[in-house]
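Please read the structure below before turning to the comments.
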Amino acid sequence: MNGSLYLWLIPLLPFAGFLLNGVFGRRFPKWLATTIGLAAPLVSFAVAVNAARGLLGFAPAYASLPYVETCPVGWINVGALHVGFSFVLDQLSMVMLLVVTGVGLLIHIYSVGYMHDDPGYARYFSFLNLFLFFMTTLVLAGNALLMFIGWEGVGLASYLLIGFWFYKPSAANAGKKAFLVNRIGDFGFLIGLFLILANFGTLSFSGVAAKLATSPAWHGGVLTAIALFLLLGATGKSAQLPLYIWLPDAMEGPTPVSALIHAATMVTAGVYMIARTHFLFDRSPFALGVVAIVGAATAFFAATMGLVQNDIKRVLAYSTISQLGYMFLGCGVAAYSAAIFHLMTHAFFKGLLFLAAGAVIHALGGEQDMRKMGGLWKKMPVTFATMTAAVLAICGIFPFAGFFSKDAILYAAYLNNGVGGKILWGVGLVTALLTSLYMFRLWYMTFLGEPRSEAAHHSHATPNSMLAPMVILGVLSLCGGWIGMERFGGFLAPAAGAMPTAHGSEHLEIILSIVAVLVALEGWLIADKYYRRKPERPAQLAAAVPGCYKTLTHKYYVDEFYGAICVKPLLAVSEYVLDWIVDVAILGGAAWLLAGIATFVGAILQRWQSGNLRSYAAWLAAAAAAALLFILVPWAAAWPASIHFIFRTAGR
Amino acid sequence: MQAINQSILTLILLVPLAGAILVAIAPDRVKLPNWIALATTLFTFLLTLHLPAHFVLGQSGFQFEINHPWIEDPAIYYHVGVDGLSLWLVVLTGLLAPVGVLASWNAIKERRKIFYSLFLVQQTAMLGVFVSLDLMLYYGFWELSLVPMAILIAMYGRKDGPKAALKFFLFTFIPSAPLLVAILWLYARTGSFDFATLRLLIAQGSLPAGALFWAALAFLAAFAVKVPVFPLHGWLADTYKEAPVALAMVVAGKLGLYSMLRFHVGLFPAQAREMAPLLIALAVIGVLYGGCLALVQRDFWRLIAFAAVSQLSLIVLAIYGLTFTGWNGGVYQILSDGVAEGAVFLLLGTLYDHYATSQISAYGGLAAKLPRVTGFFVLTSLTMVGLPMLSGFVGEFTILSSTFTGVSRGWAITATLGVILSAAYMLWLVQRVFYGPESALASSQPAGDLRFRELSVLVPLAVLMLVMGVAPSLWFTTIQTGVHPPQVRDFAHDRPNVLTLPSIEPNASAREGQR
């Protein structure tokens, strides 16, 4: 039985939802906009589950992996370039697809309550559906250019949703910044595509993998270049060093958007892309090393910045960057399936953290400052319970989901070659301590203690449409990792490569796990001491090391650095050098000089013709005469040679 | 059907001319000139659609050809025809004409008869440029396309219309004089103005190479100013700022670019190839230069002008990269650019009509009041930015990738930096005009969102942007059958250099330097 799985429905239904709500949404009644907005992800999720059931053998298997669906009409077919629309379902894309459509569906449902009173309700759902369209395209793409469609497209959806409240200058700015920083990454992705095309003659993932398989000795060289350019793309999308700066600002968007796009799915696209092209990265130990270092460094630096934020969403934003750093670390030590495992559990607990934070913000009437919260556990018990599960999961406490996936990454890093691996593992461990510290800080400041503002005293109730997705994600944050790395890695191995943990031992793994959990508990203890027992201590500490504190709150001055090094010089050179000097003074001056000469010649000719000619004809005649002279005068023949010389030397 | 096929191009050329005469003799009452012009342009557009509908794919060379002797001595023929390269440009010109009429509907309030008749004459001239296969005929249309343009800018321009018209006039007329001289010289040596004959003679080497170089240079100069290629873009910003919207949307780009394809590279392939390195360099500089200048403009017409310099330079890169893939991508990008420019001018034109300023800083926060304008403008901006699934990406990717694989990695990477700049200037423009808090200007006027007149044009343009982004094969199949010079068709580097053996590239930099 070789029935179709109708994969193409998965992206196209949300696209239809986008068009309907986007074009007619303002005229739709609210129930219709909601129905359309929810139907699209619901059916997409159902189709994805159906496909997974078939392929996993729960239903009679009617296809085998990798399962490919190709549109009979190609996309770009011109000259040497042939790119088609082909969707590939293998173990990797199946996991990612279920995460994207599943978490996506939950967050769509949550949004119904969260955005209920917003005047742009239909527009919101149309953008959310648009995001799902591009994200599923990215996941299912069978070739790199199709993936690039999704890649740029999710950037567009992110731009539109960050700037959803466009009348706020900060939101409009943040949206633009996100798109531009991502564009820098996309530039790298594009060059990577060109290099793949130039060296493999195809952009399809299977084609490149097959060509690589025929030359097993081929390492490094141009493959390193490809991998590094792709990595630049990934650092943009996944907010890694040096391009992470857009993600904290992206918190200007509605909170469900932060949950879906800027935590659970879109920002993990870089990890997914590296896993998808792992056969290229595998051939370049240097590029892998860079990936690992970028990941570990990002994880650590983002965690330190997360320590001093007071905006609840910004803490979560830095934590997202940090957790993505873990995933990059996993990719960098060639443990792609561990990275994907963490991607999955992270989608559960980080999505939940944002949804719970959204519930808190919603209940407090828009308040995001944790210093004005406190004592909410009594008023919002469900939110408190689910948030606790998520916090325990992100800290890697056994048996919550994050424990299993983070552990797998750290274990793989530890086993990675020699001292380098131990250092990476050490950085990961310190980051785990920081993670636990800032997460419990958030937990204490938000839910425990006494209410510290009017809003916190009189919080509103949270609608059930918001609570239900949180509960589901809470359960997943608890049990999402119980499948275990071994089975998960075994399942993913055909698509994402085997785990590089062959020379490890079970003892070592258990010892490292215990160390990691102890470190996380230590973080909890420190948070407990500072934010419950001695709440005056953090301020004292900040006062004791003002320089350090200031550097952290200013995010290591990276934004300022980019502003001073890139943006301002570019604008200044464009304005003063290019516009004023080159364009106006030099080119404009030359033009008017020529015009003056022409007018002069025209005037003479006009007099000579006793003024009968119109000036247009005079100029024409003058120029024609000049050119004729040029050609007819015999020695003109000597000129081409010298001009040839100029042309030949120019442009080299 | 045969009879229609044999006269369709003549019809396409004559209908706008007839409309122009009708406008001129009909009374200027109750917008009668507008309606006549609209009917004429719509009818012309329908006629142009006949071409792709009856284009025979398998047949190479020119189709719908008409070749009649016109003047015996000098031997000028009325020789017209279209191939894959020019086919869609004719249709695009036909499409943009009603767009232009609707964009001028309320903006032109006085002397409508002169405006619309000259507009229609201009239409004939542009169509003529795309279909002429006789060089003298071509030159006639080329000059004819410049005259009404200059007059219209001077008469109907904004504050500094006459000054901009003078600049346009000087920049474009002066280089067309050497073009005429070069055409006459070719005739003097061969006794023919016929494109195919001349192409053959030049390819056979029956003309002196040194003089041919000069002739090619004269052709190039005229075209490069019209495109415009950096550093000859001096006229563009003023023209965009002052010209009526209907003319600004067609003044740059396609005429010059098509002429480069057909009459520079097409007629003098060997000479064009020698000049290619310089033009590639100028094109890449133009991409970045235009992008940088667009970033710092304070007037949105000028911003769009420098954006156009940047985007058109990319097409110049495609043309002089001389790869088959790049050429077809370049033609596609001309189409995409034409559609996007049409939309952008229409939208900014409605803003200008309503708020009477093009200072970006006066705007702000329009999105809440004008959701439709905002939606269409964002979509158009994304097309110009080259977002995948919209028309701009297809050409951009094709051009850049073919430059990378077939021409030069260094130039390709440098040109690719333009994608960052384009996003920066367009999104910043969107932000300053539409987002943020409502400006004093925006709140001083009642909302004037798009009405049926504008929507009837913008919806098809928007659909076109999307369809051209998703199904470019609809166009590429015909574009690829175009008459390509052998230098383009047989270019060895066009196909990617597929490796079968492990190869570390010690001489990668050497390969970069080759072209």
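Identifiers for the structure tokens are assigned positionally: chains receive A, B, ... in sequence, residues are indexed from 1 per chain, and ligands are indexed from 1 in the order shown.
The list of residues with at least one atom within 8 Å of Phe440 of chain A, based on only C-alpha atoms and without residues fewer than 5 positions apart in the same chain, reads Val391, Gly523, Trp524, Ala527 and Asp528 of chain A.
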Query - Which of segment 92-262 of chain B fall in alpha helix (DSSP H), as a PyMOL selection string - result: chain B and resi 92-104+112-131+135-156+161-190+195-204+209-226+234-242+245-251+254-259
Query raised in the report: So how far away is atom CA of Leu442 of chain A from atom CA of Ile312 of chain A, in Å?
Result: 7.1 Å
Query raised in the report: as a PyMOL selection string, which residues of segment 47-210 of chain B does DSSP assign to strand (DSSP E or B)?
Result: chain B and resi 63-71+76-82+132+134+194
